[in-house]
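Content type mmCIF, C-alpha atoms, from the file start.cif:
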```
data_start
loop_
_atom_site.label_atom_id
_atom_site.label_comp_id
_atom_site.auth_asym_id
_atom_site.auth_seq_id
_atom_site.Cartn_x
_atom_site.Cartn_y
_atom_site.Cartn_z
CA MET A 767 20.58 17.76 -39.30
CA LYS A 768 21.81 17.83 -35.71
CA HIS A 769 20.04 20.31 -33.44
CA LYS A 770 22.09 22.67 -31.36
CA LEU A 771 21.92 21.85 -27.64
CA TYR A 772 21.74 24.52 -24.95
CA SER A 773 23.41 23.50 -21.70
CA CYS A 774 22.81 24.80 -18.13
CA HIS A 775 26.16 25.94 -16.72
CA ILE A 776 25.04 25.02 -13.18
CA CYS A 777 23.79 21.43 -13.52
CA CYS A 778 24.86 20.72 -17.15
CA LYS A 779 21.34 19.64 -18.15
CA GLU A 780 20.85 20.09 -21.92
CA PHE A 781 17.90 21.54 -23.85
CA SER A 782 17.05 21.68 -27.56
CA HIS A 783 15.42 25.13 -27.27
CA LYS A 784 16.84 28.23 -25.65
CA ARG A 785 13.48 29.17 -24.11
CA ASN A 786 13.43 25.82 -22.25
CA LEU A 787 16.90 26.54 -20.87
CA ILE A 788 15.75 29.99 -19.70
CA SER A 789 12.70 28.45 -17.94
CA HIS A 790 14.88 25.75 -16.37
CA TYR A 791 17.45 28.31 -15.19
CA ARG A 792 14.78 29.90 -12.97
CA THR A 793 14.71 26.68 -10.88
CA HIS A 794 18.22 27.65 -9.76
CA THR A 795 17.65 31.42 -9.38
CA ASN A 796 14.12 31.05 -7.97
CA GLU A 797 13.15 33.98 -10.22
CA LYS A 798 9.39 34.42 -10.68
CA PRO A 799 8.86 37.22 -13.22
CA TYR A 800 5.13 36.58 -13.87
CA SER A 801 2.66 37.93 -11.30
CA CYS A 802 -1.13 37.42 -10.95
CA ASP A 803 -2.88 40.81 -10.96
CA VAL A 804 -5.68 39.44 -8.71
CA CYS A 805 -3.82 37.80 -5.81
CA LEU A 806 -0.24 38.85 -6.67
CA LYS A 807 0.99 35.24 -6.59
CA GLN A 808 4.20 34.88 -8.63
CA PHE A 809 5.23 32.25 -11.15
CA SER A 810 8.41 31.29 -13.00
CA GLU A 811 6.55 30.53 -16.26
CA LYS A 812 3.84 32.40 -18.15
CA GLY A 813 1.94 29.15 -18.85
CA ASN A 814 1.62 28.45 -15.11
CA LEU A 815 0.28 31.99 -14.53
CA LYS A 816 -2.31 31.47 -17.26
CA ILE A 817 -3.46 28.18 -15.67
CA HIS A 818 -3.52 29.75 -12.19
CA TYR A 819 -5.64 32.67 -13.45
CA ARG A 820 -8.46 30.23 -14.20
CA THR A 821 -8.86 29.63 -10.44
CA HIS A 822 -10.13 33.24 -10.30
CA THR A 823 -12.24 33.15 -13.50
CA ASN A 824 -13.41 29.55 -12.88
CA GLU A 825 -12.71 28.91 -16.56
CA LYS A 826 -12.48 25.19 -17.39
CA PRO A 827 -11.81 24.87 -21.12
CA HIS A 828 -10.92 21.14 -21.10
CA SER A 829 -13.79 18.65 -20.95
CA CYS A 830 -13.86 14.83 -20.52
CA GLY A 831 -15.52 13.10 -23.49
CA VAL A 832 -16.84 10.27 -21.28
CA CYS A 833 -18.37 11.97 -18.20
CA SER A 834 -18.24 15.66 -19.31
CA LYS A 835 -16.29 16.70 -16.22
CA GLU A 836 -14.43 19.96 -16.87
CA PHE A 837 -10.87 20.94 -16.04
CA SER A 838 -8.83 24.14 -16.06
CA HIS A 839 -5.66 22.33 -17.11
CA LYS A 840 -5.17 19.85 -19.99
CA SER A 841 -2.79 17.70 -17.95
CA HIS A 842 -5.53 17.35 -15.30
CA LEU A 843 -7.94 16.17 -18.02
CA ASN A 844 -5.40 13.62 -19.31
CA ARG A 845 -4.85 12.36 -15.77
CA HIS A 846 -8.61 12.11 -15.19
CA CYS A 847 -9.20 10.18 -18.45
CA ARG A 848 -7.08 7.30 -17.16
CA ILE A 849 -9.79 6.66 -14.53
CA HIS A 850 -12.06 5.55 -17.39
CA THR A 851 -9.42 3.57 -19.29
CA SER A 852 -7.78 2.12 -16.12
CA GLU A 853 -4.49 2.66 -17.93
CA LYS A 854 -1.45 2.40 -15.65
CA SER A 855 1.53 2.70 -17.93
CA TYR A 856 4.12 3.65 -15.28
CA SER A 857 5.62 0.81 -13.23
CA CYS A 858 7.96 0.91 -10.18
CA ASP A 859 11.11 -1.13 -10.96
CA VAL A 860 11.50 -1.99 -7.24
CA CYS A 861 8.07 -3.29 -6.18
CA HIS A 862 6.34 -3.29 -9.61
CA LYS A 863 3.41 -1.21 -8.40
CA GLN A 864 1.73 0.51 -11.34
CA PHE A 865 0.60 4.10 -11.72
CA SER A 866 -1.46 6.08 -14.20
CA GLN A 867 0.71 9.20 -13.77
CA LYS A 868 4.46 9.60 -14.05
CA GLY A 869 4.41 12.14 -11.20
CA ASN A 870 2.79 9.61 -8.86
CA LEU A 871 5.45 7.01 -9.76
CA LYS A 872 8.19 9.56 -9.04
CA VAL A 873 6.65 10.41 -5.65
CA HIS A 874 6.11 6.69 -4.84
CA TYR A 875 9.76 5.90 -5.65
CA ARG A 876 10.82 8.13 -2.75
CA ILE A 877 9.30 5.51 -0.38
CA HIS A 878 12.15 3.21 -1.48
CA THR A 879 14.89 5.87 -1.57
CA ASN A 880 13.58 7.77 1.50
CA GLU A 881 14.32 10.96 -0.47
CA LYS A 882 12.71 14.13 0.92
CA PRO A 883 13.78 16.95 -1.39
CA TYR A 884 11.44 19.63 -0.02
CA SER A 885 12.46 21.29 3.23
CA CYS A 886 11.13 23.77 5.82
CA HIS A 887 13.48 22.52 8.54
CA LYS A 888 11.05 19.59 8.41
CA GLN A 889 11.50 17.58 5.20
CA PHE A 890 8.88 16.32 2.75
CA SER A 891 8.81 13.92 -0.20
CA ARG A 892 6.25 16.05 -2.11
CA LYS A 893 6.11 19.75 -2.88
CA SER A 894 2.35 19.76 -2.23
CA PHE A 895 3.04 18.43 1.29
CA LEU A 896 5.55 21.23 1.85
CA ASN A 897 3.04 23.86 0.63
CA ARG A 898 0.33 22.42 2.86
CA HIS A 899 2.72 22.28 5.82
CA HIS A 900 3.83 25.87 5.20
CA ARG A 901 0.28 27.05 5.87
CA THR A 902 0.58 25.70 9.43
CA HIS A 903 3.03 28.57 9.95
CA THR A 904 1.03 31.23 8.07
CA ASN A 905 -2.38 29.89 9.21
CA GLU A 906 -3.56 30.59 5.66
CA LYS A 907 -6.81 28.81 4.72
CA PRO A 908 -7.63 29.87 1.17
CA TYR A 909 -10.24 27.16 0.42
CA SER A 910 -13.80 27.71 1.65
CA CYS A 911 -16.86 25.39 1.67
CA ASP A 912 -19.75 27.05 -0.17
CA VAL A 913 -22.30 25.20 2.03
CA CYS A 914 -21.12 25.89 5.58
CA GLN A 915 -18.26 28.37 4.93
CA LYS A 916 -15.75 26.24 6.82
CA VAL A 917 -12.23 27.06 5.60
CA TYR A 918 -9.29 24.78 4.81
CA SER A 919 -5.59 25.15 4.11
CA ASP A 920 -5.64 22.74 1.13
CA LYS A 921 -8.10 21.80 -1.62
CA ASP A 922 -7.99 18.07 -0.85
CA SER A 923 -9.28 18.66 2.67
CA LEU A 924 -12.07 20.85 1.28
CA ASN A 925 -13.08 18.13 -1.22
CA VAL A 926 -13.11 15.47 1.52
CA HIS A 927 -15.12 17.78 3.81
CA TYR A 928 -17.63 18.49 1.06
CA ARG A 929 -18.57 14.82 1.03
CA THR A 930 -19.97 15.23 4.57
CA HIS A 931 -22.68 17.34 2.89
CA THR A 932 -23.19 15.16 -0.21
CA LYS A 933 -22.70 11.82 1.65
CA GLU A 934 -20.65 10.75 -1.36
CA LYS A 935 -18.41 7.71 -0.85
CA PRO A 936 -16.64 7.23 -4.17
CA TYR A 937 -14.09 4.64 -3.02
CA SER A 938 -15.24 1.04 -2.67
CA CYS A 939 -13.43 -2.03 -1.30
CA ASP A 940 -13.24 -4.75 -3.96
CA VAL A 941 -13.27 -7.46 -1.25
CA CYS A 942 -16.19 -6.56 1.05
CA HIS A 943 -17.67 -3.64 -0.98
CA LYS A 944 -17.60 -1.27 1.97
CA GLN A 945 -17.54 2.34 0.75
CA PHE A 946 -15.37 5.23 1.86
CA SER A 947 -15.23 8.99 1.33
CA ARG A 948 -11.42 9.04 1.15
CA LYS A 949 -8.99 6.92 -0.83
CA SER A 950 -6.47 6.88 2.04
CA ILE A 951 -9.12 5.35 4.32
CA LEU A 952 -9.91 2.73 1.66
CA ASN A 953 -6.19 1.88 1.36
CA ARG A 954 -5.91 1.58 5.13
CA HIS A 955 -9.06 -0.56 5.28
CA HIS A 956 -7.84 -2.81 2.46
CA ARG A 957 -4.85 -3.81 4.58
CA THR A 958 -7.27 -5.40 7.09
CA HIS A 959 -7.88 -7.98 4.33
CA THR A 960 -4.27 -8.37 3.19
CA ASN A 961 -2.76 -7.95 6.67
CA GLU A 962 -0.08 -5.83 4.98
CA LYS A 963 1.97 -3.64 7.33
CA PRO A 964 4.40 -1.67 5.17
CA TYR A 965 5.42 0.94 7.77
CA SER A 966 8.14 -0.04 10.24
CA CYS A 967 9.50 1.78 13.32
CA ASP A 968 13.27 2.23 12.94
CA VAL A 969 13.71 2.10 16.74
CA CYS A 970 11.87 -1.07 17.77
CA GLN A 971 10.93 -2.53 14.33
CA LYS A 972 7.23 -2.67 15.20
CA VAL A 973 5.19 -2.64 11.99
CA TYR A 974 1.99 -0.77 11.10
CA SER A 975 -0.55 -0.80 8.30
CA ASP A 976 -0.64 3.00 7.95
CA LYS A 977 1.84 5.84 8.31
CA CYS A 978 -0.34 7.79 10.75
CA SER A 979 -0.23 4.93 13.29
CA LEU A 980 3.55 4.71 12.87
CA ASN A 981 3.92 8.47 13.51
CA VAL A 982 1.78 8.23 16.65
CA HIS A 983 3.74 5.18 17.86
CA TYR A 984 7.06 6.94 17.24
CA ARG A 985 6.08 9.54 19.84
CA THR A 986 6.27 6.81 22.51
CA HIS A 987 10.03 6.80 21.84
CA THR A 988 10.46 10.59 21.61
CA ASN A 989 7.81 11.27 24.30
CA GLU A 990 6.53 14.06 22.05
CA LYS A 991 3.00 15.18 22.94
CA PRO A 992 2.14 17.86 20.40
CA TYR A 993 -1.55 18.24 21.32
CA SER A 994 -2.35 20.26 24.44
CA CYS A 995 -5.69 20.88 26.22
CA SER A 996 -6.50 24.59 26.34
CA VAL A 997 -8.37 24.13 29.64
CA CYS A 998 -6.07 22.01 31.84
CA HIS A 999 -2.95 21.95 29.61
CA LYS A 1000 -2.76 18.15 29.66
CA GLU A 1001 -0.75 16.90 26.67
CA PHE A 1002 -1.51 14.05 24.28
CA PHE A 1003 0.19 11.95 21.60
CA ARG A 1004 -2.88 12.01 19.34
CA LYS A 1005 -5.30 14.73 18.31
CA GLY A 1006 -8.17 12.23 18.65
CA ASN A 1007 -7.24 11.65 22.30
CA LEU A 1008 -7.21 15.42 22.89
CA ASN A 1009 -10.68 15.78 21.33
CA ARG A 1010 -11.96 12.91 23.45
CA HIS A 1011 -10.41 14.40 26.59
CA TYR A 1012 -11.82 17.85 25.84
CA ARG A 1013 -15.32 16.46 26.14
CA THR A 1014 -14.64 15.74 29.83
CA HIS A 1015 -14.62 19.54 30.22
CA THR A 1016 -17.53 20.35 27.88
CA LYS A 1017 -19.62 17.27 28.87
CA GLU A 1018 -20.45 16.97 25.17
CA LYS A 1019 -21.89 13.60 24.09
CA PRO A 1020 -22.28 13.78 20.33
CA TYR A 1021 -22.95 10.06 19.73
CA SER A 1022 -26.47 8.77 20.39
CA CYS A 1023 -27.86 5.20 20.40
CA SER A 1024 -30.66 4.80 17.81
CA VAL A 1025 -32.39 2.18 20.02
CA CYS A 1026 -32.46 3.65 23.54
CA TYR A 1027 -31.13 7.19 22.80
CA LYS A 1028 -28.36 6.88 25.38
CA GLU A 1029 -25.62 9.38 24.57
CA PHE A 1030 -21.87 8.87 24.50
CA SER A 1031 -18.82 11.07 24.26
CA GLU A 1032 -16.95 8.51 22.10
CA LYS A 1033 -18.03 6.62 19.00
CA SER A 1034 -16.25 3.45 20.15
CA CYS A 1035 -18.34 3.49 23.36
CA LEU A 1036 -21.51 3.82 21.28
CA ASN A 1037 -20.46 0.88 19.09
CA SER A 1038 -19.76 -1.27 22.17
CA HIS A 1039 -23.03 -0.22 23.78
CA TYR A 1040 -25.01 -1.00 20.62
CA ARG A 1041 -23.90 -4.61 20.88
CA THR A 1042 -25.84 -4.88 24.18
CA HIS A 1043 -28.96 -4.53 22.00
CA THR A 1044 -27.82 -6.88 19.23
CA ASN A 1045 -26.09 -9.23 21.69
CA GLU A 1046 -23.14 -9.35 19.28
CA LYS A 1047 -19.91 -10.39 20.99
CA PRO A 1048 -17.20 -10.40 18.30
CA TYR A 1049 -14.21 -10.71 20.65
CA SER A 1050 -13.47 -14.16 22.03
CA CYS A 1051 -10.92 -15.41 24.60
CA ASP A 1052 -8.75 -18.13 23.01
CA VAL A 1053 -8.24 -19.79 26.42
CA CYS A 1054 -11.78 -20.19 27.78
CA CYS A 1055 -13.79 -19.09 24.69
CA LYS A 1056 -15.71 -16.44 26.64
CA ASP A 1057 -17.11 -13.75 24.33
CA PHE A 1058 -17.04 -9.97 24.81
CA TYR A 1059 -18.72 -6.89 23.37
CA ASP A 1060 -15.45 -4.98 22.92
CA LYS A 1061 -11.72 -5.66 22.68
CA LYS A 1062 -10.92 -3.67 25.83
CA HIS A 1063 -12.99 -6.05 27.96
CA LEU A 1064 -11.34 -9.05 26.28
CA ASN A 1065 -7.84 -7.70 27.04
CA ARG A 1066 -8.87 -7.07 30.63
CA HIS A 1067 -10.28 -10.59 30.95
CA CYS A 1068 -7.14 -12.22 29.45
CA ARG A 1069 -5.10 -11.03 32.42
CA ILE A 1070 -7.09 -13.49 34.58
CA HIS A 1071 -5.37 -16.31 32.70
CA THR A 1072 -1.91 -14.75 32.63
CA SER A 1073 -2.13 -13.44 36.24
CA GLU A 1074 -0.36 -10.34 34.98
CA LYS A 1075 -0.50 -7.48 37.50
CA SER A 1076 1.76 -4.74 36.23
CA ASN A 1077 0.24 -1.85 38.23
CA SER A 1078 1.44 -1.50 41.81
CA CYS A 1079 0.26 0.79 44.63
CA ASP A 1080 3.20 2.84 45.97
CA VAL A 1081 1.56 3.00 49.44
CA CYS A 1082 0.69 -0.62 50.25
CA HIS A 1083 2.31 -2.31 47.21
CA LYS A 1084 -0.90 -4.12 46.28
CA GLN A 1085 -0.81 -5.08 42.61
CA PHE A 1086 -3.50 -4.74 39.98
CA SER A 1087 -3.95 -5.98 36.43
CA ARG A 1088 -5.66 -2.73 35.39
CA LYS A 1089 -4.50 0.85 35.77
CA ASP A 1090 -8.03 2.10 36.50
CA HIS A 1091 -8.34 -0.42 39.37
CA LEU A 1092 -5.10 0.93 40.86
CA LYS A 1093 -6.43 4.47 40.52
CA SER A 1094 -9.69 3.50 42.25
CA HIS A 1095 -7.81 1.58 44.96
CA TYR A 1096 -5.55 4.56 45.64
CA ARG A 1097 -8.59 6.50 46.82
CA THR A 1098 -8.87 4.10 49.80
CA HIS A 1099 -5.62 5.74 50.99
CA THR A 1100 -6.51 9.34 50.10
CA ASN A 1101 -10.23 8.98 50.96
CA GLU A 1102 -10.93 10.95 47.76
CA LYS A 1103 -14.56 10.80 46.60
CA PRO A 1104 -14.75 12.83 43.40
CA TYR A 1105 -18.24 11.69 42.31
CA SER A 1106 -21.23 13.34 43.97
CA CYS A 1107 -24.97 12.60 43.77
CA ASP A 1108 -26.87 15.70 42.63
CA VAL A 1109 -30.00 14.53 44.53
CA CYS A 1110 -28.70 13.77 48.04
CA HIS A 1111 -25.07 14.94 47.63
CA LYS A 1112 -23.66 11.62 48.80
CA GLN A 1113 -20.11 11.18 47.53
CA PHE A 1114 -18.45 8.18 45.92
CA SER A 1115 -14.94 7.13 45.01
CA LEU A 1116 -16.10 5.33 41.84
CA LYS A 1117 -18.33 6.63 39.04
CA SER A 1118 -19.93 3.18 38.69
CA ASN A 1119 -20.97 3.35 42.38
CA LEU A 1120 -22.54 6.77 41.79
CA ASN A 1121 -24.49 5.45 38.76
CA ARG A 1122 -25.68 2.46 40.81
CA HIS A 1123 -26.67 4.76 43.69
CA LEU A 1124 -28.61 7.10 41.39
CA ARG A 1125 -30.96 4.26 40.55
CA THR A 1126 -32.03 4.16 44.22
CA HIS A 1127 -33.60 7.56 43.52
CA THR A 1128 -35.07 6.68 40.11
CA ASN A 1129 -35.90 3.06 41.06
CA GLU A 1130 -34.64 2.12 37.62
CA LYS A 1131 -33.80 -1.57 37.17
CA PRO A 1132 -32.63 -1.97 33.59
CA TYR A 1133 -31.01 -5.39 33.95
CA SER A 1134 -33.26 -8.46 33.87
CA CYS A 1135 -32.55 -12.16 34.51
CA ASP A 1136 -33.48 -14.18 31.39
CA VAL A 1137 -34.36 -17.22 33.59
CA CYS A 1138 -36.73 -15.80 36.23
CA GLN A 1139 -37.16 -12.19 34.96
CA LYS A 1140 -36.02 -10.70 38.27
CA GLU A 1141 -34.77 -7.16 37.72
CA TYR A 1142 -31.66 -5.42 39.02
CA SER A 1143 -30.27 -1.90 39.03
CA ASP A 1144 -26.74 -2.99 38.03
CA THR A 1145 -25.06 -5.74 36.01
CA GLY A 1146 -22.94 -6.87 38.96
CA SER A 1147 -26.02 -7.79 41.01
CA LEU A 1148 -27.59 -9.55 38.03
CA LYS A 1149 -24.40 -11.55 37.44
CA VAL A 1150 -24.24 -12.60 41.12
CA HIS A 1151 -27.95 -13.52 41.07
CA TYR A 1152 -27.50 -15.61 37.92
CA ARG A 1153 -25.14 -17.90 39.81
CA ASN A 1154 -28.17 -19.05 41.87
CA HIS A 1155 -29.40 -20.67 38.67
CA THR A 1156 -26.06 -21.98 37.42
CA ASN A 1157 -24.64 -22.82 40.87
CA GLU A 1158 -21.38 -21.34 39.59
CA LYS A 1159 -18.74 -20.60 42.23
CA PRO A 1160 -15.83 -18.98 40.40
CA TYR A 1161 -13.82 -17.88 43.46
CA THR A 1162 -11.65 -20.50 45.20
CA CYS A 1163 -9.69 -20.22 48.45
CA ASP A 1164 -6.02 -20.96 47.75
CA VAL A 1165 -5.61 -22.39 51.29
CA CYS A 1166 -8.51 -24.83 51.74
CA HIS A 1167 -9.95 -24.78 48.19
CA LYS A 1168 -13.44 -23.91 49.36
CA GLN A 1169 -15.42 -22.25 46.56
CA PHE A 1170 -17.59 -19.13 46.65
CA SER A 1171 -20.00 -17.36 44.32
CA LEU A 1172 -18.90 -13.89 45.49
CA LYS A 1173 -15.38 -12.47 45.66
CA ILE A 1174 -16.27 -10.47 48.79
CA THR A 1175 -17.31 -13.72 50.51
CA LEU A 1176 -13.98 -15.30 49.53
CA ASN A 1177 -12.11 -12.28 50.95
CA GLN A 1178 -14.03 -12.54 54.24
CA HIS A 1179 -13.41 -16.29 54.39
CA HIS A 1180 -9.71 -15.83 53.63
CA ARG A 1181 -9.34 -13.78 56.81
CA THR A 1182 -10.25 -16.88 58.86
CA HIS A 1183 -6.87 -18.21 57.67
CA THR A 1184 -4.87 -15.00 58.00
CA GLU A 1185 -6.71 -13.75 61.15
CA GLU A 1186 -6.62 -10.30 59.56
CA MET A 1187 -9.11 -7.82 61.07
CA PRO A 1188 -9.01 -4.63 58.98
CA TYR A 1189 -12.22 -3.05 60.36
CA SER A 1190 -11.89 -1.21 63.70
CA CYS A 1191 -14.57 0.40 65.90
CA ASP A 1192 -13.78 4.10 66.38
CA VAL A 1193 -15.44 4.02 69.85
CA CYS A 1194 -13.82 1.02 71.57
CA GLN A 1195 -11.19 -0.02 68.97
CA GLU A 1196 -12.51 -3.58 68.83
CA GLU A 1197 -11.50 -5.17 65.52
CA TYR A 1198 -13.48 -7.24 63.02
CA SER A 1199 -12.71 -9.24 59.89
CA SER A 1200 -15.74 -7.92 57.97
CA LYS A 1201 -17.53 -4.60 57.67
CA LEU A 1202 -20.85 -6.30 58.42
CA GLY A 1203 -19.51 -7.55 61.76
CA LEU A 1204 -18.33 -4.02 62.61
CA ASN A 1205 -21.75 -2.54 61.73
CA VAL A 1206 -23.58 -5.08 63.92
CA HIS A 1207 -21.17 -4.35 66.80
CA TYR A 1208 -21.60 -0.61 66.36
CA HIS A 1209 -25.30 -0.92 67.32
CA THR A 1210 -24.19 -1.86 70.87
CA HIS A 1211 -22.88 1.70 71.21
CA THR A 1212 -25.76 3.50 69.49
CA LYS A 1213 -28.44 1.24 71.09
CA GLU A 1214 -30.00 1.17 67.63
CA LYS A 1215 -32.25 -1.83 66.93
CA PRO A 1216 -32.87 -1.75 63.21
CA TYR A 1217 -34.50 -5.18 63.06
CA SER A 1218 -37.89 -5.74 64.71
CA TRP A 1219 -40.15 -8.83 64.98
#
```

How does this structure look as structure tokens?
Amino acid sequence: MKHKLYSCHICCKEFSHKRNLISHYRTHTNEKPYSCDVCLKQFSEKGNLKIHYRTHTNEKPHSCGVCSKEFSHKSHLNRHCRIHTSEKSYSCDVCHKQFSQKGNLKVHYRIHTNEKPYSCHKQFSRKSFLNRHHRTHTNEKPYSCDVCQKVYSDKDSLNVHYRTHTKEKPYSCDVCHKQFSRKSILNRHHRTHTNEKPYSCDVCQKVYSDKCSLNVHYRTHTNEKPYSCSVCHKEFFRKGNLNRHYRTHTKEKPYSCSVCYKEFSEKSCLNSHYRTHTNEKPYSCDVCCKDFYDKKHLNRHCRIHTSEKSNSCDVCHKQFSRKDHLKSHYRTHTNEKPYSCDVCHKQFSLKSNLNRHLRTHTNEKPYSCDVCQKEYSDTGSLKVHYRNHTNEKPYTCDVCHKQFSLKITLNQHHRTHTEEMPYSCDVCQEEYSSKLGLNVHYHTHTKEKPYSW
């Protein structure tokens, strides 16, 4: 016997039961006739209200027969059970990726179609993303941690946060067995093994292993800087960069070395520092094979080989390979000295010079030569000293090819070719090629005799 079909007059979808047609029709009218008497949230179907009500009563009538975990919704139990059976019966017909839930396959398929059916001016591929986004407008945070009372706008974020208390890391890499508290972090990590970069910029075609990096990169094209410092109003592409910057105001250093207890404002700086104890140098130059503690120092070093100097001073047009060197150099024009010693109040143009100077008060000499055990207050002096043992002379005059162990000595020597005399006496205006020569001359005016037999 053929069943009568009930058809929606708007979209022509057919149903075998009239009640299903009535429920479906509310997707067009947005009618929500069922209301929760606790929080007044409204629903289009009575079954959804009943399931929602359990969030207030904490009733979980559905239990897993394997691990006894309880659920408020039968569909959630069925979904959970597939974790134990590893059943993935839904397959994408484009890339053949398999899923344990039909809903996840449907959401995944939108990666291929680029469909974003949920809109709040901004468009989303998932309804849950739209709901979560909507709370950025309402500032609603209905989920609260029962340990520290921190509140969240979505349950997923609360669950992830809760693992900071339990130290639970339920997601494990099947290649290196590293464990993670979040599946998204595991997925991102896994691409370091596969070198997969599925996210591509539609402007410059640069590819990325995760969507977050693509979104951040895209702002270099739009120049969007959505994160602003509440103190100085400086704007940033990334929230992480804002947080890092904010510590320059608060002087907070939340990361501490477990060996020497030195504190750092950034975790990456701590990691790099820690390698000074382990002597691990994982970054290697493919030209000269020199090893480095961190990637930043390797990149800086590589410019020696390429002779790239993309940063130019707009006063004297001197070029630099590093932006921070240009910034430091610029202070020779402005005479700015933003770093001050809190003992003697002497001022410095570079923070590294201040740190070096501070050791003249503390007499600290943390850097030791591994050949003769002579100690130094800074790495630069140790490096220069070490050349006495190696007889290394890395600086060469491009005119006469004479070699020097110090760059400053090369610069002084170079002036014998150029006849440049940049140091001038402010008493008699006599000029000198080196600062040392000027200082010695200056004693003829002051009658000072600092050296005695």

Could you tell me which residues the PyMOL selection byres ((chain A and resi 910) around 12) grabs in this file, written as a CSV table (one decimal) with C-alpha atoms, in the coordinates of the input?
```csv
chain,number,residue,atom,x,y,z
A,906,GLU,CA,-3.6,30.6,5.7
A,907,LYS,CA,-6.8,28.8,4.7
A,908,PRO,CA,-7.6,29.9,1.2
A,909,TYR,CA,-10.2,27.2,0.4
A,911,CYS,CA,-16.9,25.4,1.7
A,912,ASP,CA,-19.8,27.0,-0.2
A,913,VAL,CA,-22.3,25.2,2.0
A,914,CYS,CA,-21.1,25.9,5.6
A,915,GLN,CA,-18.3,28.4,4.9
A,916,LYS,CA,-15.8,26.2,6.8
A,917,VAL,CA,-12.2,27.1,5.6
A,918,TYR,CA,-9.3,24.8,4.8
A,919,SER,CA,-5.6,25.2,4.1
A,920,ASP,CA,-5.6,22.7,1.1
A,921,LYS,CA,-8.1,21.8,-1.6
A,922,ASP,CA,-8.0,18.1,-0.8
A,923,SER,CA,-9.3,18.7,2.7
A,924,LEU,CA,-12.1,20.8,1.3
A,925,ASN,CA,-13.1,18.1,-1.2
A,927,HIS,CA,-15.1,17.8,3.8
A,928,TYR,CA,-17.6,18.5,1.1
```

Excluding Ser975 (chain A) and its own-chain neighbours fewer than 4 positions away, which residues fall within 9 Å of it when counting all atoms listed in the file? Please give them as a PDB file with C-alpha atoms, in the coordinates of the input.
```pdb
ATOM      1  CA  ARG A 954      -5.910   1.580   5.130  1.00  0.00           C
ATOM      2  CA  ARG A 957      -4.850  -3.810   4.580  1.00  0.00           C
ATOM      3  CA  THR A 958      -7.270  -5.400   7.090  1.00  0.00           C
ATOM      4  CA  ASN A 961      -2.760  -7.950   6.670  1.00  0.00           C
ATOM      5  CA  GLU A 962      -0.080  -5.830   4.980  1.00  0.00           C
ATOM      6  CA  LYS A 963       1.970  -3.640   7.330  1.00  0.00           C
ATOM      7  CA  PRO A 964       4.400  -1.670   5.170  1.00  0.00           C
ATOM      8  CA  TYR A 965       5.420   0.940   7.770  1.00  0.00           C
ATOM      9  CA  SER A 966       8.140  -0.040  10.240  1.00  0.00           C
ATOM     10  CA  SER A 979      -0.230   4.930  13.290  1.00  0.00           C
ATOM     11  CA  LEU A 980       3.550   4.710  12.870  1.00  0.00           C
TER      12      LEU A 980
END
```

Inset, instruction - Report as a list of chain:residue names the full result of the PyMOL selection byres ((chain A and resi 1126-1139) around 9) when it is applied to this structure. - result: A:Val1109, A:Arg1122, A:His1123, A:Leu1124, A:Arg1125, A:Lys1140, A:Glu1141, A:Tyr1142, A:Ser1143, A:Asp1144, A:Thr1145, A:Ser1147, A:Leu1148, A:Lys1149, A:His1151, A:Tyr1152, A:His1155

Assuming the chain letters and numbering stay as they are in my file, what does the PyMOL selection byres ((chain A and resi 818-823) around 10) actually select? List them as an mmCIF file with C-alpha atoms, in the frame of the given file.
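Wrote result30.cif, looks like this:
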```cif
data_model
loop_
_atom_site.group_PDB
_atom_site.id
_atom_site.type_symbol
_atom_site.label_atom_id
_atom_site.label_comp_id
_atom_site.auth_asym_id
_atom_site.auth_seq_id
_atom_site.Cartn_x
_atom_site.Cartn_y
_atom_site.Cartn_z
ATOM 1 C CA CYS A 802 -1.130 37.420 -10.950
ATOM 2 C CA ASP A 803 -2.880 40.810 -10.960
ATOM 3 C CA VAL A 804 -5.680 39.440 -8.710
ATOM 4 C CA CYS A 805 -3.820 37.800 -5.810
ATOM 5 C CA LYS A 807 0.990 35.240 -6.590
ATOM 6 C CA GLN A 808 4.200 34.880 -8.630
ATOM 7 C CA PHE A 809 5.230 32.250 -11.150
ATOM 8 C CA LYS A 812 3.840 32.400 -18.150
ATOM 9 C CA GLY A 813 1.940 29.150 -18.850
ATOM 10 C CA ASN A 814 1.620 28.450 -15.110
ATOM 11 C CA LEU A 815 0.280 31.990 -14.530
ATOM 12 C CA LYS A 816 -2.310 31.470 -17.260
ATOM 13 C CA ILE A 817 -3.460 28.180 -15.670
ATOM 14 C CA ASN A 824 -13.410 29.550 -12.880
ATOM 15 C CA GLU A 825 -12.710 28.910 -16.560
ATOM 16 C CA LYS A 826 -12.480 25.190 -17.390
ATOM 17 C CA PRO A 827 -11.810 24.870 -21.120
ATOM 18 C CA PHE A 837 -10.870 20.940 -16.040
ATOM 19 C CA SER A 838 -8.830 24.140 -16.060
ATOM 20 C CA HIS A 839 -5.660 22.330 -17.110
#
```

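Atom pair CA of Ile788 (chain A) / CA of Cys774 (chain A) has a distance of 8.9 Å (rounded to one decimal).
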
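Put simply, CA of Arg1004 (chain A) is 11.8 Å away from CA of Asn989 (chain A).
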
Legend entry - For Ser950 (chain A), the nearest of the candidates A:Val926, A:Cys967, A:Val860, A:Cys1079, counting only C-alpha atoms: A:Val926

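The coordinates place CA of Lys840 (chain A) at 16.3 Å from CA of Glu811 (chain A).
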